[in-house]
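Working notes, structure below.
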Amino acid sequence: MQPEPASLPIRTIRLQSTDEQTARELFLLLAAIFENEAVPLSTPYLQQLVTRPDFWAIAAFSGDRLAGGLTAFTLPRITTESAEIFLYDIAVHPDLQRQGIGRRLVSHLRDAAAAEGIETLWVPADNEDEHALEFYRALGGNAAPVTIFTL
């Protein structure tokens, strides 16, 4: 399939229960870009996931083509009556990268979270992933030294 021109308008949407096929495509795209093995998700699991109010799946489209997306989670805080957003995955189709799509996805998440009174968004990035580090710095992100353990 021929890539669509970058000049097409980019639109972003938060996926809902009616977006099952788009969610499947997005989750497979994220897995492929991150070179993760993916198993087909059952319809009940997928429906439960995308309808959770604390789960964010935002898809970006270039015309009618899925261009990329992100997943994130709302985490309640214990020191204040507030929450923050943990951006878990974000990826753009390789032939559509560096065209502002990732920025649009994060902007959509920030705006939607702010509408719910959530001002803080954070994301881990591997120190070796220079592309990700540059992207988050360009968005105004501040790096915080931290070590994440997998148990």
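Identifiers in the structure tokens: chain A, B, ... in order shown; residue index from 1 per chain; ligand index from 1 in order shown.
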
Next item on the list: Per DSSP on the backbone, filter stretch 27-127 of chain A down to the residues in strand (DSSP E) and report them as a PyMOL selection string.
Entry: chain A and resi 55-62+65-76+83-92+120-122

Taking a cut-off of 12 Å and counting only C-alpha atoms, can you build a table that, for each residue of stretch 90-113 of chain A near stretch 131-146 of chain A, reports the nearest atom pair and how far apart they are in Å (one decimal), sorted by chain then residue number, as a Markdown table?
| residue | atom | partner | partner_atom | distance |
| --- | --- | --- | --- | --- |
| A:Ile90 | CA | A:Ala132 | CA | 9.6 |
| A:Ala91 | CA | A:Ala132 | CA | 9.8 |
| A:Val92 | CA | A:Ala132 | CA | 11.7 |
| A:Gln97 | CA | A:His131 | CA | 10.8 |
| A:Arg98 | CA | A:Phe135 | CA | 9.5 |
| A:Gln99 | CA | A:Phe135 | CA | 11.9 |
| A:Gly100 | CA | A:Phe135 | CA | 10.2 |
| A:Ile101 | CA | A:Phe135 | CA | 11.4 |
| A:Gly102 | CA | A:Phe135 | CA | 8.5 |
| A:Arg103 | CA | A:Leu139 | CA | 7.3 |
| A:Arg104 | CA | A:Leu139 | CA | 10.6 |
| A:Leu105 | CA | A:Leu139 | CA | 11.4 |
| A:Val106 | CA | A:Leu139 | CA | 8.7 |
| A:Ser107 | CA | A:Leu139 | CA | 9.3 |
| A:Arg110 | CA | A:Leu139 | CA | 11.3 |

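Nearest residue to A:Asp95, choosing from A:Ile13, A:Ala67, A:Leu121, A:Ala114 and counting only C-alpha atoms: A:Ala67.
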
Next item on the list: Could you please write out, as a PyMOL selection string, every residue of stretch 1-150 of chain A that DSSP assigns to helix (DSSP H, G or I)?
Entry: chain A and resi 17-33+43-51+94-96+101-115+130-138

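Residues in contact with A:His108 at up to 12 Å, not including ones fewer than 5 positions away on its chain and judged by only C-alpha atoms, are Ile10, Arg11, Thr12, Ile13, Arg14, Trp56, Ala57, Ile58, Ala59, Ala60, Gly69, Leu70, Thr71, Ala72, Ile101, Gly102, Arg103, Ala113, Ala114 and Ala115 of chain A.
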
Write the residues you've just listed into a file as a compact mmCIF listing (two decimals), in the first residue's frame, and include C-alpha atoms for each of them.
# COMPACT_ATOMS: atom_id res chain seq x y z
CA ILE A 10 -4.06 14.72 11.13
CA ARG A 11 -6.90 13.95 13.50
CA THR A 12 -6.72 12.32 16.90
CA ILE A 13 -9.41 10.52 18.87
CA ARG A 14 -9.65 8.82 22.25
CA TRP A 56 -6.30 6.21 27.60
CA ALA A 57 -5.89 4.95 24.05
CA ILE A 58 -5.53 7.81 21.60
CA ALA A 59 -5.19 7.14 17.89
CA ALA A 60 -3.91 9.48 15.20
CA GLY A 69 -1.18 6.35 18.84
CA LEU A 70 -0.53 6.18 22.52
CA THR A 71 -1.68 4.41 25.63
CA ALA A 72 -1.66 5.91 29.10
CA ILE A 101 1.95 13.37 14.79
CA GLY A 102 3.55 12.38 18.11
CA ARG A 103 3.29 15.97 19.27
CA ALA A 113 -6.39 15.23 31.00
CA ALA A 114 -6.51 18.95 31.86
CA ALA A 115 -10.25 18.91 31.15

Notebook entry, point to check: Of the candidates A:Ser62, A:Thr80, A:Thr147, A:Gln21, which one gets nearest to A:Leu46 if we count only C-alpha atoms?
Noted result: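 Going through A:Ser62, A:Thr80, A:Thr147, A:Gln21 one by one, the smallest distance to A:Leu46 is for A:Gln21.
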
Checklist line | Atomic distance atom CA of A:Leu87 - atom CA of A:Val123, expressed in Å with one decimal | finding: 5.0 Å

Check: Looking at only C-alpha atoms, which of A:Val39, A:Ile118, A:Leu30, A:Leu109 is the one that sits closest to A:Leu66?
Finding: A:Leu30

Check: What is the atom CA of A:Thr79-atom CA of A:Val50 distance in Å, reported with one decimal?
Finding: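 Atom CA of A:Val50 lies 27.8 Å from atom CA of A:Thr79.
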
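Using only C-alpha atoms, the smallest distance between any of A:Ala38, A:Leu96, A:Leu15, A:Ile33 and A:Pro53 comes from A:Leu15.
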
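The spacing separating atom CA of A:Ala31 from atom CA of A:Gly63 amounts to 22.3 Å.
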
Note to self: Let me make sure I understand: among A:Phe61, A:Phe55, A:Gln48, A:His93, which one has the smallest atom-to-atom distance to A:Leu28 if we use only C-alpha atoms?
What the structure shows: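 When distances to A:Leu28 are compared using only C-alpha atoms, the smallest one comes from A:His93.
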